[in-house]
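*Asks:* Next comes the structure file coords_12.cif, holding mmCIF, C-alpha atoms.
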```cif
data_upload
#
loop_
_atom_site.label_atom_id
_atom_site.label_comp_id
_atom_site.auth_asym_id
_atom_site.auth_seq_id
_atom_site.Cartn_x
_atom_site.Cartn_y
_atom_site.Cartn_z
CA MET A 1 108.85 118.31 88.49
CA ALA A 2 105.08 118.16 88.31
CA SER A 3 103.76 114.62 88.49
CA GLU A 4 102.05 113.21 85.45
CA GLN A 5 98.30 113.73 85.35
CA LEU A 6 95.67 111.33 84.06
CA PRO A 7 93.35 112.81 81.43
CA GLU A 8 89.89 113.85 82.61
CA THR A 9 87.31 112.30 80.30
CA ASP A 10 83.59 111.59 80.42
CA LEU A 11 84.45 108.23 81.95
CA THR A 12 87.04 109.37 84.47
CA ARG A 13 85.56 112.67 85.67
CA HIS A 14 84.76 112.43 89.36
CA ARG A 15 81.14 113.35 89.80
CA ARG A 16 80.50 112.09 93.30
CA LEU A 17 82.68 112.61 96.38
CA ARG A 18 85.07 114.62 94.26
CA GLU A 19 87.41 115.14 97.21
CA GLN A 20 88.23 111.43 97.05
CA GLY A 21 89.17 111.59 93.38
CA SER A 22 92.74 111.73 92.11
CA LEU A 23 94.09 112.26 88.62
CA ASP A 24 97.68 111.68 89.68
CA ARG A 25 99.25 108.93 87.61
CA ALA A 26 101.53 108.01 90.52
CA ASP A 27 98.44 107.16 92.60
CA LEU A 28 97.18 104.88 89.82
CA GLU A 29 100.50 103.08 89.60
CA ALA A 30 100.80 102.69 93.37
CA ILE A 31 97.35 101.11 93.57
CA LEU A 32 98.11 98.72 90.72
CA ASP A 33 101.46 97.77 92.22
CA ALA A 34 100.00 97.09 95.66
CA GLY A 35 97.76 94.26 94.38
CA PHE A 36 97.64 91.43 91.89
CA VAL A 37 93.91 90.62 91.60
CA CYS A 38 91.53 92.89 89.71
CA HIS A 39 87.88 92.74 88.74
CA LEU A 40 87.40 92.74 84.98
CA GLY A 41 84.05 93.96 83.69
CA VAL A 42 82.77 93.16 80.21
CA VAL A 43 79.40 93.35 78.52
CA VAL A 44 78.06 90.03 77.24
CA GLU A 45 74.80 90.16 75.30
CA GLY A 46 73.92 93.43 76.97
CA ARG A 47 74.60 92.17 80.49
CA PRO A 48 77.57 93.05 82.69
CA LEU A 49 79.95 90.30 83.79
CA VAL A 50 82.49 90.99 86.56
CA VAL A 51 85.27 88.43 86.84
CA PRO A 52 88.26 88.39 89.19
CA THR A 53 91.58 87.78 87.51
CA VAL A 54 95.30 88.42 87.96
CA TYR A 55 97.30 91.16 86.29
CA GLY A 56 100.71 92.68 85.77
CA ARG A 57 101.79 95.85 84.03
CA ASP A 58 104.48 97.80 82.30
CA GLU A 59 104.65 101.55 81.85
CA ARG A 60 101.76 101.81 79.43
CA GLN A 61 99.76 98.60 79.56
CA LEU A 62 98.01 96.27 81.92
CA TYR A 63 98.27 92.54 81.17
CA LEU A 64 95.40 90.36 82.36
CA HIS A 65 95.12 86.63 82.58
CA GLY A 66 92.42 85.35 80.26
CA SER A 67 89.27 84.18 81.95
CA VAL A 68 85.71 83.21 81.23
CA ALA A 69 85.31 86.80 80.04
CA SER A 70 87.87 86.31 77.28
CA ARG A 71 85.41 84.23 75.29
CA SER A 72 83.38 87.37 74.84
CA LEU A 73 86.24 89.66 73.92
CA ALA A 74 86.38 90.32 70.24
CA GLY A 75 88.85 92.99 69.17
CA GLY A 76 87.92 96.40 70.51
CA THR A 77 85.51 95.22 73.18
CA PRO A 78 85.17 97.85 75.92
CA VAL A 79 86.25 96.66 79.35
CA CYS A 80 86.53 98.19 82.81
CA VAL A 81 89.20 96.89 85.17
CA THR A 82 88.93 97.83 88.84
CA VAL A 83 91.52 97.23 91.56
CA THR A 84 90.45 97.95 95.13
CA HIS A 85 92.34 97.86 98.42
CA VAL A 86 90.21 98.11 101.56
CA ASP A 87 92.14 99.83 104.36
CA GLY A 88 89.55 100.02 107.10
CA LEU A 89 86.07 100.79 108.31
CA VAL A 90 85.26 104.43 108.99
CA LEU A 91 83.11 104.32 112.11
CA ALA A 92 81.43 107.66 112.59
CA ARG A 93 79.01 108.92 115.26
CA SER A 94 76.14 108.66 112.81
CA VAL A 95 75.39 105.71 110.55
CA PHE A 96 75.05 108.20 107.70
CA GLU A 97 78.72 109.21 107.92
CA HIS A 98 80.01 105.64 108.00
CA GLY A 99 82.28 104.63 105.18
CA VAL A 100 85.34 102.75 104.11
CA ASN A 101 88.96 103.83 103.80
CA TYR A 102 90.11 102.46 100.48
CA ARG A 103 92.23 102.96 97.39
CA SER A 104 90.62 102.09 94.10
CA ALA A 105 91.64 102.43 90.46
CA MET A 106 89.27 101.99 87.54
CA ILE A 107 90.72 101.59 84.07
CA HIS A 108 88.62 101.98 80.95
CA GLY A 109 89.60 100.85 77.51
CA GLU A 110 89.44 98.21 74.89
CA ALA A 111 91.07 94.89 75.70
CA ARG A 112 93.26 93.34 73.10
CA LYS A 113 94.03 89.63 72.96
CA VAL A 114 97.81 89.24 72.87
CA THR A 115 98.69 86.92 69.99
CA ASP A 116 102.37 87.61 69.31
CA PRO A 117 104.32 84.87 71.18
CA GLN A 118 107.10 87.28 72.18
CA GLU A 119 104.68 89.80 73.64
CA LYS A 120 102.73 87.00 75.30
CA LEU A 121 105.86 85.68 76.96
CA ALA A 122 106.85 89.18 78.08
CA GLY A 123 103.34 89.85 79.38
CA LEU A 124 103.22 86.57 81.31
CA ARG A 125 106.56 87.41 82.81
CA LEU A 126 105.23 90.79 84.00
CA LEU A 127 102.16 89.08 85.41
CA THR A 128 104.16 86.36 87.19
CA GLU A 129 106.73 88.79 88.58
CA HIS A 130 104.00 91.17 89.67
CA ALA A 131 102.38 88.52 91.89
CA THR A 132 105.61 86.83 93.00
CA PRO A 133 108.84 88.69 92.31
CA GLY A 134 111.60 86.21 91.50
CA GLN A 135 109.27 83.41 90.44
CA TRP A 136 109.68 83.75 86.66
CA THR A 137 113.30 82.69 86.71
CA TYR A 138 112.78 80.15 89.53
CA ALA A 139 109.89 78.20 88.00
CA ARG A 140 109.83 76.38 84.68
CA GLN A 141 108.85 78.91 82.05
CA PRO A 142 106.01 78.19 79.59
CA SER A 143 106.59 75.83 76.68
CA ARG A 144 105.39 76.83 73.24
CA LYS A 145 102.35 74.63 73.69
CA GLU A 146 101.54 76.11 77.11
CA LEU A 147 101.98 79.60 75.74
CA ALA A 148 99.50 78.84 72.96
CA ALA A 149 97.01 77.52 75.53
CA THR A 150 97.22 80.71 77.61
CA THR A 151 94.95 83.67 76.98
CA LEU A 152 96.49 87.01 77.79
CA LEU A 153 94.76 90.37 77.43
CA ALA A 154 96.36 93.79 77.16
CA LEU A 155 94.74 97.06 78.14
CA ARG A 156 96.30 100.49 77.71
CA LEU A 157 96.67 102.55 80.90
CA ASP A 158 95.40 105.68 79.18
CA GLU A 159 92.01 106.31 80.68
CA ALA A 160 91.77 105.71 84.40
CA SER A 161 90.25 107.17 87.50
CA VAL A 162 91.47 106.82 91.04
CA LYS A 163 89.63 107.20 94.30
CA ILE A 164 91.23 107.26 97.72
CA ARG A 165 89.75 107.81 101.16
CA THR A 166 91.94 108.02 104.23
CA GLY A 167 91.63 109.22 107.78
CA ALA A 168 89.02 109.81 110.42
CA PRO A 169 85.24 110.13 110.04
CA ASP A 170 83.85 113.48 108.92
CA ASP A 171 81.43 114.14 111.76
CA GLY A 172 83.93 115.09 114.46
CA ASP A 173 83.15 118.79 114.15
CA GLY A 174 79.38 118.56 113.86
CA PRO A 175 76.56 118.29 116.41
CA ASP A 176 76.99 114.49 116.61
CA ALA A 177 80.35 114.99 118.31
CA GLU A 178 78.30 115.85 121.41
CA LEU A 179 76.84 112.34 121.55
CA GLY A 180 79.91 111.06 123.41
CA LEU A 181 80.24 108.06 121.11
CA TRP A 182 83.54 106.54 120.12
CA ALA A 183 84.45 107.21 116.51
CA GLY A 184 87.46 106.35 114.42
CA VAL A 185 88.83 103.82 112.02
CA LEU A 186 89.07 100.05 112.37
CA PRO A 187 92.04 99.23 110.12
CA LEU A 188 92.10 96.18 107.90
CA THR A 189 95.43 94.82 106.72
CA SER A 190 96.43 91.96 104.55
CA ALA A 191 99.67 90.04 105.05
CA TRP A 192 101.51 87.05 103.62
CA GLY A 193 101.62 83.98 105.82
CA THR A 194 103.97 81.02 106.23
CA PRO A 195 104.57 79.18 102.93
CA VAL A 196 102.70 75.85 102.88
CA PRO A 197 104.67 73.20 101.00
CA ASP A 198 102.89 70.97 98.50
CA PRO A 199 102.39 67.65 100.40
CA SER A 200 103.90 65.78 97.45
CA LEU A 201 107.19 67.67 97.84
CA PRO A 202 110.29 65.84 99.16
CA LEU A 203 110.75 66.98 102.77
CA GLU A 204 114.18 68.46 102.24
CA THR A 205 113.08 70.90 99.50
CA PRO A 206 114.01 74.37 100.79
CA VAL A 207 111.65 77.34 100.44
CA PRO A 208 113.50 79.67 98.06
CA PRO A 209 114.48 83.05 99.56
CA HIS A 210 112.27 85.10 97.18
CA ILE A 211 109.23 83.31 98.64
CA ALA A 212 110.43 82.87 102.24
CA ARG A 213 111.18 86.56 102.67
CA ARG A 214 107.58 87.60 102.01
CA GLU A 215 106.30 85.90 105.17
CA GLY A 216 104.85 88.49 107.52
CA THR A 217 105.10 91.32 105.01
CA ARG A 218 102.10 93.44 104.24
CA HIS A 219 100.10 93.17 101.07
CA GLY A 220 97.78 95.76 99.55
CA MET B 1 69.21 66.97 104.69
CA ALA B 2 70.52 67.88 101.27
CA SER B 3 71.86 71.42 101.13
CA GLU B 4 70.08 73.92 98.93
CA GLN B 5 71.38 74.14 95.40
CA LEU B 6 71.68 77.24 93.25
CA PRO B 7 69.97 76.98 89.86
CA GLU B 8 72.20 76.31 86.87
CA THR B 9 71.42 78.88 84.18
CA ASP B 10 73.12 80.21 81.07
CA LEU B 11 74.78 82.80 83.28
CA THR B 12 75.82 80.57 86.16
CA ARG B 13 76.87 77.40 84.33
CA HIS B 14 80.56 76.76 84.92
CA ARG B 15 82.21 76.44 81.55
CA ARG B 16 85.84 76.79 82.50
CA LEU B 17 87.68 75.07 85.36
CA ARG B 18 84.46 73.29 86.25
CA GLU B 19 86.08 71.55 89.20
CA GLN B 20 86.29 74.96 90.91
CA GLY B 21 82.58 75.64 90.47
CA SER B 22 80.01 75.19 93.20
CA LEU B 23 76.24 75.38 93.10
CA ASP B 24 75.89 75.00 96.84
CA ARG B 25 73.90 77.87 98.32
CA ALA B 26 75.80 77.52 101.61
CA ASP B 27 79.05 78.32 99.76
CA LEU B 28 77.45 81.46 98.30
CA GLU B 29 76.29 82.62 101.72
CA ALA B 30 79.62 81.89 103.37
CA ILE B 31 81.46 83.96 100.75
CA LEU B 32 79.04 86.86 101.13
CA ASP B 33 79.24 86.74 104.91
CA ALA B 34 83.04 86.71 104.95
CA GLY B 35 83.28 90.13 103.29
CA PHE B 36 81.61 93.50 103.10
CA VAL B 37 82.98 95.04 99.87
CA CYS B 38 81.80 93.84 96.47
CA HIS B 39 82.38 94.93 92.89
CA LEU B 40 79.20 96.05 91.18
CA GLY B 41 79.13 95.87 87.39
CA VAL B 42 76.65 97.82 85.28
CA VAL B 43 76.42 98.73 81.62
CA VAL B 44 76.41 102.46 80.89
CA GLU B 45 75.93 103.47 77.26
CA GLY B 46 77.17 100.08 76.14
CA ARG B 47 80.31 100.18 78.27
CA PRO B 48 80.95 98.20 81.46
CA LEU B 49 81.51 100.04 84.73
CA VAL B 50 82.87 98.17 87.77
CA VAL B 51 82.50 100.00 91.07
CA PRO B 52 83.45 98.85 94.57
CA THR B 53 80.73 99.27 97.16
CA VAL B 54 79.56 97.86 100.49
CA TYR B 55 76.75 95.37 100.96
CA GLY B 56 74.67 93.45 103.45
CA ARG B 57 72.09 90.73 102.96
CA ASP B 58 69.11 88.87 104.26
CA GLU B 59 67.95 85.41 103.23
CA ARG B 60 66.86 86.38 99.76
CA GLN B 61 68.37 89.75 98.87
CA LEU B 62 71.62 91.61 98.74
CA TYR B 63 71.52 95.28 99.74
CA LEU B 64 74.13 97.55 98.15
CA HIS B 65 75.13 101.06 98.99
CA GLY B 66 74.33 103.41 96.14
CA SER B 67 77.30 104.62 94.18
CA VAL B 68 78.23 106.41 91.01
CA ALA B 69 76.65 103.42 89.26
CA SER B 70 73.25 104.17 90.75
CA ARG B 71 72.82 107.13 88.44
CA SER B 72 72.64 104.67 85.59
CA LEU B 73 70.26 102.24 87.22
CA ALA B 74 66.76 102.58 85.91
CA GLY B 75 64.35 99.88 87.05
CA GLY B 76 65.30 96.48 85.76
CA THR B 77 68.88 97.31 84.81
CA PRO B 78 70.97 94.13 84.71
CA VAL B 79 73.87 94.09 87.18
CA CYS B 80 76.58 91.66 88.17
CA VAL B 81 77.90 91.74 91.73
CA THR B 82 81.13 89.90 92.46
CA VAL B 83 82.67 89.25 95.89
CA THR B 84 86.17 87.78 95.93
CA HIS B 85 88.40 86.62 98.76
CA VAL B 86 92.02 85.92 97.85
CA ASP B 87 93.47 83.18 100.06
CA GLY B 88 96.92 82.74 98.61
CA LEU B 89 99.24 82.32 95.68
CA VAL B 90 99.51 78.84 94.19
CA LEU B 91 103.19 78.49 93.35
CA ALA B 92 103.67 75.52 91.07
CA ARG B 93 106.79 74.03 89.46
CA SER B 94 105.77 75.49 86.11
CA VAL B 95 104.58 79.03 85.47
CA PHE B 96 101.68 77.52 83.52
CA GLU B 97 100.25 75.83 86.62
CA HIS B 98 100.47 78.95 88.80
CA GLY B 99 97.23 80.25 90.15
CA VAL B 100 95.38 81.74 93.06
CA ASN B 101 93.49 80.16 95.92
CA TYR B 102 90.29 82.13 96.21
CA ARG B 103 86.59 82.11 96.94
CA SER B 104 84.42 84.13 94.61
CA ALA B 105 80.68 84.62 94.21
CA MET B 106 79.07 86.26 91.20
CA ILE B 107 75.43 87.32 91.44
CA HIS B 108 73.39 88.21 88.39
CA GLY B 109 70.11 90.04 88.43
CA GLU B 110 68.31 93.29 88.11
CA ALA B 111 69.03 95.88 90.74
CA ARG B 112 66.10 97.67 92.28
CA LYS B 113 66.35 101.07 93.94
CA VAL B 114 64.85 100.76 97.40
CA THR B 115 62.33 103.57 97.87
CA ASP B 116 60.13 102.45 100.75
CA PRO B 117 61.56 104.15 103.89
CA GLN B 118 60.91 101.11 106.09
CA GLU B 119 62.71 98.76 103.71
CA LYS B 120 65.49 101.29 103.27
CA LEU B 121 66.00 101.52 107.02
CA ALA B 122 65.96 97.74 107.34
CA GLY B 123 68.39 97.39 104.42
CA LEU B 124 70.80 99.97 105.86
CA ARG B 125 70.66 98.14 109.16
CA LEU B 126 71.63 94.89 107.44
CA LEU B 127 74.44 96.67 105.61
CA THR B 128 75.76 98.38 108.76
CA GLU B 129 75.54 95.24 110.87
CA HIS B 130 77.17 93.19 108.14
CA ALA B 131 80.28 95.39 108.15
CA THR B 132 80.32 96.09 111.90
CA PRO B 133 78.08 93.92 114.08
CA GLY B 134 76.71 95.99 116.96
CA GLN B 135 77.19 99.34 115.26
CA TRP B 136 73.57 99.98 114.26
CA THR B 137 72.39 100.31 117.83
CA TYR B 138 75.60 102.01 119.00
CA ALA B 139 75.72 104.82 116.42
CA ARG B 140 73.08 107.45 115.74
CA GLN B 141 70.63 105.97 113.28
CA PRO B 142 69.66 107.83 110.10
CA SER B 143 67.27 110.75 110.26
CA ARG B 144 64.45 110.97 107.75
CA LYS B 145 66.46 113.49 105.77
CA GLU B 146 69.59 111.31 105.78
CA LEU B 147 67.54 108.30 104.77
CA ALA B 148 66.16 110.24 101.80
CA ALA B 149 69.71 111.24 100.80
CA THR B 150 70.90 107.62 100.82
CA THR B 151 70.70 105.42 97.75
CA LEU B 152 70.20 101.76 98.50
CA LEU B 153 69.94 99.02 95.91
CA ALA B 154 68.44 95.55 96.31
CA LEU B 155 69.36 92.49 94.29
CA ARG B 156 67.72 89.09 94.63
CA LEU B 157 70.07 86.22 95.47
CA ASP B 158 68.43 83.96 92.89
CA GLU B 159 71.02 83.57 90.17
CA ALA B 160 74.56 83.16 91.38
CA SER B 161 77.68 81.20 90.66
CA VAL B 162 80.46 80.35 93.05
CA LYS B 163 84.04 79.42 92.39
CA ILE B 164 86.48 78.15 94.97
CA ARG B 165 90.06 76.97 94.65
CA THR B 166 91.93 75.54 97.60
CA GLY B 167 95.02 73.49 98.20
CA ALA B 168 98.32 72.69 96.59
CA PRO B 169 99.42 73.17 92.97
CA ASP B 170 98.35 70.56 90.43
CA ASP B 171 101.74 69.61 89.02
CA GLY B 172 103.00 67.53 91.93
CA ASP B 173 102.35 64.25 90.12
CA GLY B 174 103.62 65.25 86.68
CA PRO B 175 107.07 65.32 85.09
CA ASP B 176 107.78 68.77 86.56
CA ALA B 177 107.90 67.21 90.05
CA GLU B 178 111.35 65.94 89.03
CA LEU B 179 112.69 69.48 88.70
CA GLY B 180 113.39 69.62 92.44
CA LEU B 181 111.74 73.02 92.78
CA TRP B 182 109.83 74.11 95.84
CA ALA B 183 106.09 74.32 95.25
CA GLY B 184 103.18 75.14 97.49
CA VAL B 185 100.93 77.94 98.60
CA LEU B 186 101.85 81.35 99.96
CA PRO B 187 98.80 82.19 102.09
CA LEU B 188 97.35 85.67 102.23
CA THR B 189 95.23 86.65 105.19
CA SER B 190 93.39 89.77 106.14
CA ALA B 191 92.92 90.86 109.74
CA TRP B 192 91.46 93.73 111.73
CA GLY B 193 93.95 96.03 113.43
CA THR B 194 93.94 98.26 116.50
CA PRO B 195 91.07 100.77 116.41
CA VAL B 196 92.38 104.29 115.62
CA PRO B 197 90.39 106.95 117.48
CA ASP B 198 89.25 110.07 115.64
CA PRO B 199 91.77 112.77 116.74
CA SER B 200 88.86 115.06 117.60
CA LEU B 201 87.55 112.56 120.18
CA PRO B 202 87.86 113.35 123.91
CA LEU B 203 90.72 111.20 125.23
CA GLU B 204 88.61 109.31 127.73
CA THR B 205 86.14 107.96 125.16
CA PRO B 206 86.29 104.16 125.49
CA VAL B 207 86.37 101.90 122.45
CA PRO B 208 83.06 100.01 122.66
CA PRO B 209 83.40 96.23 123.12
CA HIS B 210 81.76 95.35 119.79
CA ILE B 211 84.61 97.21 118.02
CA ALA B 212 87.46 96.41 120.43
CA ARG B 213 86.87 92.68 120.25
CA ARG B 214 87.52 92.54 116.52
CA GLU B 215 91.17 93.53 116.89
CA GLY B 216 93.39 90.71 115.68
CA THR B 217 90.51 88.67 114.27
CA ARG B 218 90.59 87.42 110.76
CA HIS B 219 88.58 88.91 107.93
CA GLY B 220 87.65 87.32 104.63
#
```
Please re-express this file's structure in structure tokens.
*Replies:*
Amino acid sequence: MASEQLPETDLTRHRRLREQGSLDRADLEAILDAGFVCHLGVVVEGRPLVVPTVYGRDERQLYLHGSVASRSLAGGTPVCVTVTHVDGLVLARSVFEHGVNYRSAMIHGEARKVTDPQEKLAGLRLLTEHATPGQWTYARQPSRKELAATTLLALRLDEASVKIRTGAPDDGDGPDAELGLWAGVLPLTSAWGTPVPDPSLPLETPVPPHIARREGTRHG
Amino acid sequence: MASEQLPETDLTRHRRLREQGSLDRADLEAILDAGFVCHLGVVVEGRPLVVPTVYGRDERQLYLHGSVASRSLAGGTPVCVTVTHVDGLVLARSVFEHGVNYRSAMIHGEARKVTDPQEKLAGLRLLTEHATPGQWTYARQPSRKELAATTLLALRLDEASVKIRTGAPDDGDGPDAELGLWAGVLPLTSAWGTPVPDPSLPLETPVPPHIARREGTRHG
């Protein structure tokens, strides 16, 4: 079965470093699922604003936690959401060939403020479970008042572009290979640490398994 | 000696979660120095575009590697550059109080394409040394032709806002503390791994000390 392809549009066409571009929807989903913080770009009075925020997703939509940017989001405001994982430094023989191994997804669309309480609850659940699987049922879920005080944005996963770079530097078969310099990749990895209990917690409170089991696992 | 303060402007004033806002220039510099990848926001035909790229800095300017966004940057185009470090998940008793421990800097200004070859060389050096200290003198430096083929942007560090969240969840002294749930922080850390040699490298090529010594050190 052929994997689903993302549509190539004026916004998603890869113009530069085309060999790093992907239109495979599975790549998009893998990048989204590997992280939980994105950078949300909006235009406010003609100026760009780039704000980090948390997200979750279902098959067709991204849900974003409302932020300072939400103030500026009337219905149909264009946004760009970018998720980037940095996998390492590409250390070539020449400075010119230096680069970064990374996986990045850029989603274009119009953000919609979620107003329906049922959809808002479902979206918050996706967002919570995306960052911390198991936490939605463990923690106290939002009251009606809390739900009303939460801003949640939805963005369709229709128009997206993906860029991925992996592997060694590109100057191993050129004249610079004769320089005798070391070249390769310095990997960067992100991992979950030991849970730090809230100091106000009674000492005997156990770390629940869905949190404890993440310790030492890789993120990104 | 009082530390230098960042100016409070319409763009940098903290409107939301003010207690997380900082106007301390030392905080801005520490956040910039802890990373090497930023998210650059520009407006292209009225739509936001958020692109990851690498940066370096001196006392007064950020230097950014040219990217797909550079095509759209005429002189005086407003940009927003955001650098974010995610330090952990804040796991509260209630979903509503969940959050992220993070350090984020947002710089507003007008990006300038660096055209003077001397400044470009100096900027690339800052950028290279920022990501990999020691690499500028180790690797082959750019030729005149390579320098001409490189796009470098400069952005003054004049207008910036910083947000930092640290520590435990905020609902340890409220009614939810009675729920008996575990609460705290699940830390996330990023670290450099073992250098991976380019497969085309002669086996005896030693990893230079300035790269080898980063293995196992923390990033971010």
*Asks:* Just so the selection is clear, what residues does the PyMOL selection byres ((chain A) within 7 of (chain B)) cover here, as an mmCIF file with C-alpha atoms, keeping the file's coordinate frame?
*Replies:*
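File written: part-v5.cif
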```
data_model
loop_
_atom_site.group_PDB
_atom_site.id
_atom_site.type_symbol
_atom_site.label_atom_id
_atom_site.label_comp_id
_atom_site.auth_asym_id
_atom_site.auth_seq_id
_atom_site.Cartn_x
_atom_site.Cartn_y
_atom_site.Cartn_z
ATOM 1 C CA ARG A 16 80.500 112.090 93.300
ATOM 2 C CA GLY A 41 84.050 93.960 83.690
ATOM 3 C CA VAL A 42 82.770 93.160 80.210
ATOM 4 C CA VAL A 43 79.400 93.350 78.520
ATOM 5 C CA ARG A 47 74.600 92.170 80.490
ATOM 6 C CA PRO A 48 77.570 93.050 82.690
ATOM 7 C CA LEU A 49 79.950 90.300 83.790
ATOM 8 C CA VAL A 50 82.490 90.990 86.560
ATOM 9 C CA VAL A 68 85.710 83.210 81.230
ATOM 10 C CA PRO A 78 85.170 97.850 75.920
ATOM 11 C CA VAL A 79 86.250 96.660 79.350
ATOM 12 C CA CYS A 80 86.530 98.190 82.810
ATOM 13 C CA VAL A 81 89.200 96.890 85.170
ATOM 14 C CA THR A 82 88.930 97.830 88.840
ATOM 15 C CA ARG A 93 79.010 108.920 115.260
ATOM 16 C CA SER A 94 76.140 108.660 112.810
ATOM 17 C CA VAL A 95 75.390 105.710 110.550
ATOM 18 C CA PHE A 96 75.050 108.200 107.700
ATOM 19 C CA ALA A 139 109.890 78.200 88.000
ATOM 20 C CA ARG A 140 109.830 76.380 84.680
ATOM 21 C CA GLN A 141 108.850 78.910 82.050
ATOM 22 C CA PRO A 142 106.010 78.190 79.590
ATOM 23 C CA GLU A 146 101.540 76.110 77.110
ATOM 24 C CA ALA A 168 89.020 109.810 110.420
ATOM 25 C CA PRO A 169 85.240 110.130 110.040
ATOM 26 C CA GLY A 172 83.930 115.090 114.460
ATOM 27 C CA TRP A 182 83.540 106.540 120.120
ATOM 28 C CA ALA A 183 84.450 107.210 116.510
ATOM 29 C CA GLY A 184 87.460 106.350 114.420
ATOM 30 C CA VAL A 185 88.830 103.820 112.020
ATOM 31 C CA LEU A 186 89.070 100.050 112.370
ATOM 32 C CA PRO A 187 92.040 99.230 110.120
ATOM 33 C CA LEU A 188 92.100 96.180 107.900
ATOM 34 C CA THR A 189 95.430 94.820 106.720
ATOM 35 C CA SER A 190 96.430 91.960 104.550
ATOM 36 C CA ALA A 191 99.670 90.040 105.050
ATOM 37 C CA TRP A 192 101.510 87.050 103.620
ATOM 38 C CA GLY A 193 101.620 83.980 105.820
ATOM 39 C CA THR A 194 103.970 81.020 106.230
ATOM 40 C CA PRO A 195 104.570 79.180 102.930
ATOM 41 C CA VAL A 196 102.700 75.850 102.880
ATOM 42 C CA PRO A 197 104.670 73.200 101.000
ATOM 43 C CA ASP A 198 102.890 70.970 98.500
ATOM 44 C CA SER A 200 103.900 65.780 97.450
ATOM 45 C CA THR A 205 113.080 70.900 99.500
ATOM 46 C CA PRO A 206 114.010 74.370 100.790
ATOM 47 C CA VAL A 207 111.650 77.340 100.440
#
```
*Asks:* Set the distance at 7 Å and use all atoms listed in the file: which residues neighbour Gly21 (chain A) once local chain neighbours fewer than 3 positions away are removed? I'd like the list as a PyMOL selection string.
*Replies:* chain A and resi 14+18+162-164
*Asks:* Could you check the closest approach to Ala111 (chain B) for each of B:Arg144, B:Pro133, B:Leu155, B:His210 and tell me which residue wins, using only C-alpha atoms?
*Replies:*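 Closest to Ala111 (chain B) of all the choices is B:Leu155.
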*Asks:* Please identify all polymer residues lying at most 10 Å from the point (69.5, 88.8, 97.1) (file coordinates), using all atoms listed in the file, and present the result as a list in words.
*Replies:*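 Here is the list of nearby residues: Gly56, Arg57, Asp58, Glu59, Arg60, Gln61, Leu62, Tyr63, Leu64, Ile107, His108, Gly109, Ala111, Ala154, Leu155, Arg156, Leu157, Asp158, Glu159 and Ala160 of chain B.
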*Asks:* Could you state the separation of CA of Glu45 (chain A) and CA of His65 (chain B) in Å, given to one decimal place?
*Replies:*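 So the answer is 26.1 Å.
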*Asks:* CA of Glu129 (chain B) and CA of Asp27 (chain B), how far apart in Å?
*Replies:*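 It comes out at 20.5 Å.
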*Asks:* Just how far from CA of Asn101 (chain B) is CA of Leu127 (chain A), in Å to one decimal?
*Replies:*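 Those two atoms sit 16.3 Å apart.
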*Asks:* Using all atoms of region 126-136 of chain A listed in the file and a margin of 6 Å per side, can you give the axis-aligned box centre and edge lengths in Å to one decimal, as lines of an AutoDock Vina configuration file?
*Replies:*
```
center_x = 106.9
center_y = 87.3
center_z = 88.5
size_x = 21.4
size_y = 19.8
size_z = 21.0
```
*Asks:* Could you tell me which residues the PyMOL selection byres ((chain B and resi 114) around 10) returns for this structure, as a PyMOL selection string?
*Replies:* chain B and resi 63-64+66+111-113+115-121+123+150-155
*Asks:* With distances taken over only C-alpha atoms, which of A:Pro175, A:Pro209, A:Pro7, A:Gly134 is nearest to Arg25 (chain A)?
*Replies:*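 Closest residue, counting only C-alpha atoms: A:Pro7.
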*Asks:* Show which residues sit within 8 Å of Ala26 (chain A), as a PDB file with C-alpha atoms, in the frame of the given file. Count only C-alpha atoms, and ignore same-chain residues fewer than 2 positions away.
*Replies:*
```
ATOM      1  CA  SER A   3     103.760 114.620  88.490  1.00  0.00           C
ATOM      2  CA  GLU A   4     102.050 113.210  85.450  1.00  0.00           C
ATOM      3  CA  ASP A  24      97.680 111.680  89.680  1.00  0.00           C
ATOM      4  CA  LEU A  28      97.180 104.880  89.820  1.00  0.00           C
ATOM      5  CA  GLU A  29     100.500 103.080  89.600  1.00  0.00           C
ATOM      6  CA  ALA A  30     100.800 102.690  93.370  1.00  0.00           C
TER       7      ALA A  30
END
```
